[in-house]
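Shown next: final_34.txt, containing compact mmCIF, C-alpha atoms and all ligand atoms.
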```txt
# COMPACT_ATOMS: atom_id res chain seq x y z
CA MET N 1 -3.68 -8.03 21.16
CA ARG N 2 -3.59 -9.56 17.68
CA SER N 3 -1.76 -12.80 17.10
CA LYS N 4 -0.65 -11.92 13.58
CA PRO N 5 0.70 -8.57 12.34
CA ASN N 6 -0.97 -6.12 10.01
CA ILE N 7 1.19 -4.71 7.23
CA LEU N 8 0.51 -1.67 5.09
CA VAL N 9 2.03 -1.70 1.61
CA THR N 10 1.97 1.78 0.16
CA GLY N 11 3.69 3.78 -2.58
CA THR N 12 2.98 5.70 -5.77
CA PRO N 13 0.75 3.87 -8.29
CA GLY N 14 2.91 1.55 -10.39
CA THR N 15 5.57 0.88 -7.75
CA GLY N 16 4.32 -2.70 -7.37
CA LYS N 17 2.03 -2.67 -4.33
CA THR N 18 -0.51 -5.13 -5.68
CA THR N 19 2.00 -7.53 -7.23
CA THR N 20 4.14 -7.47 -4.08
CA SER N 21 1.15 -7.80 -1.72
CA ALA N 22 -0.20 -10.78 -3.67
CA ALA N 23 3.17 -12.55 -3.53
CA LEU N 24 3.50 -11.69 0.13
CA ALA N 25 0.02 -13.05 0.89
CA GLU N 26 0.97 -16.26 -0.87
CA ALA N 27 4.21 -16.57 1.11
CA THR N 28 2.76 -15.70 4.53
CA ASN N 29 -0.90 -16.78 4.37
CA LEU N 30 -1.88 -13.27 5.42
CA ARG N 31 -4.95 -11.70 3.79
CA HIS N 32 -4.38 -9.24 0.93
CA ILE N 33 -6.78 -6.31 1.02
CA ASN N 34 -6.61 -4.08 -2.04
CA ILE N 35 -8.31 -0.84 -0.94
CA GLY N 36 -9.07 0.22 -4.51
CA ASP N 37 -10.96 -3.01 -5.19
CA LEU N 38 -12.73 -2.86 -1.83
CA VAL N 39 -13.87 0.72 -2.46
CA ARG N 40 -15.23 -0.22 -5.87
CA ASP N 41 -16.84 -3.53 -4.86
CA LYS N 42 -18.45 -2.28 -1.64
CA LYS N 43 -19.13 1.21 -3.00
CA LEU N 44 -17.19 2.92 -0.22
CA HIS N 45 -16.92 6.11 -2.26
CA ASP N 46 -18.63 9.40 -2.98
CA GLY N 47 -18.67 9.03 -6.73
CA TRP N 48 -16.15 9.30 -9.52
CA ASP N 49 -13.59 12.08 -9.84
CA ASP N 50 -13.53 12.93 -13.55
CA GLN N 51 -10.38 14.97 -13.31
CA LEU N 52 -8.28 12.46 -11.37
CA GLU N 53 -10.07 9.53 -13.01
CA CYS N 54 -10.58 7.62 -9.79
CA TYR N 55 -13.22 7.06 -7.13
CA ILE N 56 -13.51 9.64 -4.37
CA VAL N 57 -12.73 7.35 -1.45
CA ASN N 58 -15.01 7.72 1.56
CA GLU N 59 -12.33 7.25 4.21
CA ASP N 60 -14.78 6.82 7.11
CA LEU N 61 -16.62 4.04 5.30
CA VAL N 62 -13.34 2.27 4.50
CA CYS N 63 -12.19 2.45 8.13
CA ASP N 64 -15.56 1.22 9.44
CA GLU N 65 -15.54 -1.64 6.95
CA LEU N 66 -12.09 -2.81 8.03
CA GLU N 67 -12.08 -2.17 11.79
CA GLU N 68 -12.95 -5.70 12.96
CA ILE N 69 -10.73 -7.46 10.45
CA MET N 70 -7.79 -5.25 11.41
CA GLU N 71 -8.35 -5.94 15.11
CA ASP N 72 -8.01 -9.64 14.35
CA GLY N 73 -4.66 -9.06 12.59
CA GLY N 74 -3.07 -10.93 9.71
CA ASN N 75 -3.79 -8.40 6.96
CA ILE N 76 -1.78 -6.88 4.15
CA VAL N 77 -3.38 -3.58 3.19
CA ASP N 78 -2.49 -2.32 -0.30
CA HIS N 79 -3.15 1.37 -0.96
CA HIS N 80 -1.55 4.45 -2.54
CA GLY N 81 -2.35 6.55 0.52
CA CYS N 82 -1.74 5.92 4.19
CA ASP N 83 -2.73 8.95 6.25
CA PHE N 84 -6.37 8.13 6.96
CA PHE N 85 -5.98 4.69 8.56
CA PRO N 86 -5.79 4.53 12.37
CA GLU N 87 -2.14 4.42 13.40
CA ARG N 88 -2.79 1.51 15.78
CA TRP N 89 -3.77 -0.79 12.90
CA PHE N 90 -0.27 -1.39 11.57
CA ASP N 91 2.84 -3.14 12.82
CA ARG N 92 4.83 -2.44 9.66
CA VAL N 93 4.48 0.17 6.92
CA VAL N 94 6.28 -0.68 3.67
CA VAL N 95 6.80 2.15 1.17
CA LEU N 96 7.71 0.85 -2.29
CA GLN N 97 9.86 3.10 -4.46
CA THR N 98 10.70 2.92 -8.15
CA GLU N 99 13.23 4.73 -10.27
CA ASN N 100 11.56 7.40 -12.45
CA SER N 101 12.19 6.05 -15.92
CA ILE N 102 11.04 2.58 -14.89
CA LEU N 103 7.91 3.97 -13.24
CA TYR N 104 7.23 6.10 -16.32
CA ASP N 105 7.29 2.99 -18.52
CA ARG N 106 5.02 1.05 -16.18
CA LEU N 107 2.46 3.83 -16.01
CA THR N 108 2.40 4.52 -19.75
CA LYS N 109 1.95 0.78 -20.30
CA ARG N 110 -1.03 1.03 -17.96
CA GLY N 111 -2.44 3.74 -20.20
CA TYR N 112 -1.67 6.76 -18.03
CA SER N 113 -0.92 9.99 -19.86
CA GLY N 114 -1.09 13.75 -19.42
CA ALA N 115 -1.71 15.13 -15.93
CA LYS N 116 -2.35 11.72 -14.43
CA LEU N 117 1.05 10.49 -15.58
CA THR N 118 2.86 13.68 -14.54
CA ASN N 119 1.19 13.79 -11.12
CA ASN N 120 2.25 10.26 -10.32
CA ILE N 121 5.83 10.74 -11.51
CA GLU N 122 6.06 13.91 -9.39
CA CYS N 123 4.56 12.04 -6.45
CA GLU N 124 7.45 9.59 -6.72
CA ILE N 125 10.15 12.22 -7.27
CA PHE N 126 9.09 14.12 -4.16
CA GLN N 127 8.73 10.93 -2.11
CA VAL N 128 5.23 11.97 -1.14
CA LEU N 129 4.22 8.56 0.19
CA LEU N 130 7.39 8.12 2.25
CA GLU N 131 6.80 11.52 3.87
CA GLU N 132 3.13 10.71 4.42
CA ALA N 133 4.07 7.39 6.04
CA LYS N 134 6.64 9.03 8.31
CA ASP N 135 4.14 11.70 9.30
CA SER N 136 1.44 9.13 10.06
CA TYR N 137 3.34 6.29 11.79
CA LYS N 138 6.27 5.83 14.14
CA GLU N 139 9.47 6.06 12.10
CA GLU N 140 10.73 2.72 13.38
CA ILE N 141 7.89 0.82 11.72
CA VAL N 142 8.23 2.59 8.36
CA VAL N 143 10.53 0.95 5.83
CA ALA N 144 11.26 2.11 2.26
CA MET N 145 12.00 -0.63 -0.28
CA LYS N 146 13.32 -0.33 -3.83
CA SER N 147 10.97 -1.97 -6.35
CA ASP N 148 12.67 -1.55 -9.73
CA SER N 149 13.05 -5.19 -10.76
CA VAL N 150 11.61 -8.63 -10.19
CA ASP N 151 14.72 -9.40 -8.14
CA ASP N 152 13.91 -6.42 -5.92
CA MET N 153 10.38 -7.67 -5.48
CA ASN N 154 11.46 -11.19 -4.60
CA ARG N 155 13.94 -9.81 -2.09
CA ASN N 156 11.30 -7.53 -0.57
CA VAL N 157 8.83 -10.40 -0.23
CA ALA N 158 11.50 -12.59 1.39
CA THR N 159 12.50 -9.82 3.81
CA ILE N 160 8.94 -9.09 4.90
CA THR N 161 8.09 -12.80 5.14
CA GLU N 162 11.02 -13.29 7.48
CA TRP N 163 9.85 -10.33 9.53
CA VAL N 164 6.33 -11.79 9.77
CA ARG N 165 7.77 -15.12 10.89
CA THR N 166 9.73 -13.57 13.74
CA TRP N 167 6.97 -11.15 14.68
CA SER N 168 4.81 -13.93 16.13
CA SER N 169 7.62 -15.15 18.34
CA THR N 170 8.59 -11.74 19.69
CA ASN N 171 5.14 -10.43 20.58
P1 LIG S 201 0.64 -0.79 -7.95
O1 LIG S 201 -0.30 -1.75 -7.29
O2 LIG S 201 1.59 -0.15 -6.98
O3 LIG S 201 -0.03 0.24 -8.80
P2 LIG S 201 1.34 -3.06 -9.62
O4 LIG S 201 1.65 -4.15 -8.64
O5 LIG S 201 0.00 -3.09 -10.25
O6 LIG S 201 1.59 -1.62 -8.94
O7 LIG S 201 2.49 -3.09 -10.69
C1 LIG S 201 2.44 -2.29 -11.88
C2 LIG S 201 3.13 -3.00 -13.01
O8 LIG S 201 4.52 -3.09 -12.76
C3 LIG S 201 2.67 -4.44 -13.21
O9 LIG S 201 2.67 -4.71 -14.58
C4 LIG S 201 3.72 -5.26 -12.49
O10 LIG S 201 3.86 -6.54 -13.04
C5 LIG S 201 4.96 -4.43 -12.67
N1 LIG S 201 5.85 -4.49 -11.51
C6 LIG S 201 5.52 -4.20 -10.23
N2 LIG S 201 6.57 -4.30 -9.42
C7 LIG S 201 7.61 -4.67 -10.18
C8 LIG S 201 9.00 -4.93 -9.92
N3 LIG S 201 9.52 -4.83 -8.68
N4 LIG S 201 9.78 -5.29 -10.96
C9 LIG S 201 9.28 -5.39 -12.20
N5 LIG S 201 7.98 -5.15 -12.52
C10 LIG S 201 7.16 -4.79 -11.53
MN MN S 202 -2.46 -1.69 -7.24
```

With the file now loaded, output its structure as structure tokens.
Amino acid sequence: MRSKPNILVTGTPGTGKTTTSAALAEATNLRHINIGDLVRDKKLHDGWDDQLECYIVNEDLVCDELEEIMEDGGNIVDHHGCDFFPERWFDRVVVLQTENSILYDRLTKRGYSGAKLTNNIECEIFQVLLEEAKDSYKEEIVVAMKSDSVDDMNRNVATITEWVRTWSSTN
């Protein structure tokens, strides 16, 4: 049994996973693991996808890389997908959600356009990540959180921090 919980922060690109996870790591002293950075830095991929403009994640390599660290607990995993991690890794799965026009602005600011922009907006409209999370984990550990504003983010960080604090005393 781990002494600290593992939290997955997921959602469509631009919903605020990395910003929220960094603030949460600061507030809780848990370790922030950005899967995108890990994949790039440790080359846990099978090359670059020209069409989607992202690395082709080698899911087995990512899971092997993280197994021991996840067993120890105390991790915040930040990724735009959630169906390939072992279910037993996570005590809480947070799905961030952002209103379309706000997400659109964030992604265009990031330089997304064309199919990449449209795909991500559609991903959000159809709540793809929430469905994926519910399909992959027990519903009672999956929580959707609105991430439209800085106030939302601060509230989300406070809520999850409080949950982390009580987790240690109830397990
Ligand atoms: P993700 O990791 O999900 O792709 P980021 O954390 O990189 O998203 O956030 C994308 C952009 O949106 C950043 O410029 C960030 O500052 C901004 N942002 C993220 N969450 C919020 C929020 N809740 N309110 C306002 N701006 C946000
Ligand atoms: Mn990110």

Non-local contacts of N:Asn156 (9 Å; all atoms listed in the file; under 4 positions in same chain excluded) as a list in words =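 Residues meeting the cut-off are Thr20, Leu24, Met145, Lys146, Ser147, Asp151, Asp152, Ile160 and Thr161 of chain N.
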
Leaving out stretch 125-127 of chain N and any residue of its chain fewer than 5 positions from it, which residues lie within 12 Å of it when counting all atoms listed in the file, given as number ranges by chain?
-> N: 10-12, 15, 95-101, 103-104, 118-120, 132-134, 144

Within-12 Å residues of ligand MN 202 (chain S), basis all atoms listed in the file, as a compact mmCIF listing (two decimals) with C-alpha atoms, in the coordinates of the input:
```txt
# COMPACT_ATOMS: atom_id res chain seq x y z
CA VAL N 9 2.03 -1.70 1.61
CA THR N 10 1.97 1.78 0.16
CA GLY N 11 3.69 3.78 -2.58
CA THR N 12 2.98 5.70 -5.77
CA PRO N 13 0.75 3.87 -8.29
CA GLY N 14 2.91 1.55 -10.39
CA THR N 15 5.57 0.88 -7.75
CA GLY N 16 4.32 -2.70 -7.37
CA LYS N 17 2.03 -2.67 -4.33
CA THR N 18 -0.51 -5.13 -5.68
CA THR N 19 2.00 -7.53 -7.23
CA THR N 20 4.14 -7.47 -4.08
CA SER N 21 1.15 -7.80 -1.72
CA ALA N 22 -0.20 -10.78 -3.67
CA HIS N 32 -4.38 -9.24 0.93
CA ILE N 33 -6.78 -6.31 1.02
CA ASN N 34 -6.61 -4.08 -2.04
CA ILE N 35 -8.31 -0.84 -0.94
CA GLY N 36 -9.07 0.22 -4.51
CA ASP N 37 -10.96 -3.01 -5.19
CA LEU N 38 -12.73 -2.86 -1.83
CA VAL N 77 -3.38 -3.58 3.19
CA ASP N 78 -2.49 -2.32 -0.30
CA HIS N 79 -3.15 1.37 -0.96
CA HIS N 80 -1.55 4.45 -2.54
CA GLY N 81 -2.35 6.55 0.52
CA LEU N 96 7.71 0.85 -2.29
CA ARG N 106 5.02 1.05 -16.18
CA LEU N 107 2.46 3.83 -16.01
CA ARG N 110 -1.03 1.03 -17.96
```

Which distance in Å separates atom CA of N:Asp46 and atom CA of N:Glu59, to one decimal?
->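 That distance, rounded to one decimal, is 9.8 Å.
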
Kindly indicate which residue among N:Gly47, N:Gly114, N:Pro5, N:Gly74 lies nearest to N:Asp91, using only C-alpha atoms for the distances.
->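 When distances to N:Asp91 are compared using only C-alpha atoms, the smallest one comes from N:Pro5.
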
Minimum-distance residue to ligand LIG 201 (chain S), chosen among N:Glu87, N:Asp49, N:Asp105, N:Asp135 (using all atoms listed in the file) =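 Looking only at the distances to ligand LIG 201 (chain S), the closest residue turns out to be N:Asp105.
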
With all atoms listed in the file as the counted atoms, please give the residues lying no more than 12 Å from N:Arg165, apart from itself and same-chain residues fewer than 5 positions off, as a PDB file with C-alpha atoms, in the coordinates of the input.
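Contents of the output file part.pdb:
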```
ATOM      1  CA  SER N   3      -1.760 -12.800  17.100  1.00  0.00           C
ATOM      2  CA  LYS N   4      -0.650 -11.920  13.580  1.00  0.00           C
ATOM      3  CA  PRO N   5       0.700  -8.570  12.340  1.00  0.00           C
ATOM      4  CA  ALA N  27       4.210 -16.570   1.110  1.00  0.00           C
ATOM      5  CA  THR N  28       2.760 -15.700   4.530  1.00  0.00           C
ATOM      6  CA  ASN N  29      -0.900 -16.780   4.370  1.00  0.00           C
ATOM      7  CA  LEU N  30      -1.880 -13.270   5.420  1.00  0.00           C
ATOM      8  CA  GLY N  74      -3.070 -10.930   9.710  1.00  0.00           C
ATOM      9  CA  ALA N 158      11.500 -12.590   1.390  1.00  0.00           C
ATOM     10  CA  THR N 159      12.500  -9.820   3.810  1.00  0.00           C
ATOM     11  CA  ILE N 160       8.940  -9.090   4.900  1.00  0.00           C
ATOM     12  CA  THR N 170       8.590 -11.740  19.690  1.00  0.00           C
ATOM     13  CA  ASN N 171       5.140 -10.430  20.580  1.00  0.00           C
TER      14      ASN N 171
END
```

Could you check how far atom CA of N:Val57 sits from atom CA of N:Lys43, in Å to one decimal?
-> 9.0 Å

Just the residues within 9 Å of N:Leu117, please, counting only C-alpha atoms, with nothing from its chain fewer than 4 positions along; format it as a ChimeraX atom specification.
-> /N:104,107-108,111-113,121-122

Residue subset to file, keeping C-alpha atoms, as a PDB file, in the coordinates of the input:
```pdb
ATOM      1  CA  TYR N 104       7.230   6.100 -16.320  1.00  0.00           C
ATOM      2  CA  LEU N 107       2.460   3.830 -16.010  1.00  0.00           C
ATOM      3  CA  THR N 108       2.400   4.520 -19.750  1.00  0.00           C
ATOM      4  CA  GLY N 111      -2.440   3.740 -20.200  1.00  0.00           C
ATOM      5  CA  TYR N 112      -1.670   6.760 -18.030  1.00  0.00           C
ATOM      6  CA  SER N 113      -0.920   9.990 -19.860  1.00  0.00           C
ATOM      7  CA  ILE N 121       5.830  10.740 -11.510  1.00  0.00           C
ATOM      8  CA  GLU N 122       6.060  13.910  -9.390  1.00  0.00           C
TER       9      GLU N 122
END
```

Taking only C-alpha atoms and all ligand atoms into account, which of N:Glu53, N:Ala115, N:Ala23, N:Lys42 comes nearest ligand LIG 201 (chain S)?
->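 So, comparing all the options, the nearest one is N:Ala23.
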
Report the distance between atom O10 of ligand LIG 201 (chain S) and atom CA of N:Glu131 in Å, rounded to one decimal place.
->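 One can read the atom O10 of ligand LIG 201 (chain S) to atom CA of N:Glu131 distance as 24.9 Å.
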
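Counting only C-alpha atoms and all ligand atoms and comparing N:Val164, N:Leu129, N:Lys109, N:Val142, the residue that lies closest to ligand LIG 201 (chain S) is N:Lys109.
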
Contacts of stretch 136-140 of chain N at 10 Å or less, counting all atoms listed in the file, minus same-chain residues fewer than 4 places along, as a list of chain:residue names?
->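 Residues near the query, excluding close chain neighbours: N:Cys82, N:Asp83, N:Phe84, N:Phe85, N:Pro86, N:Glu87, N:Arg88, N:Phe90, N:Asp91, N:Arg92, N:Val93, N:Leu130, N:Glu131, N:Glu132.
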
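Restricting the calculation to all atoms listed in the file, the smallest distance between ligand LIG 201 (chain S) and any of N:Met153, N:Val128, N:Met1, N:Val62 is found for N:Met153.
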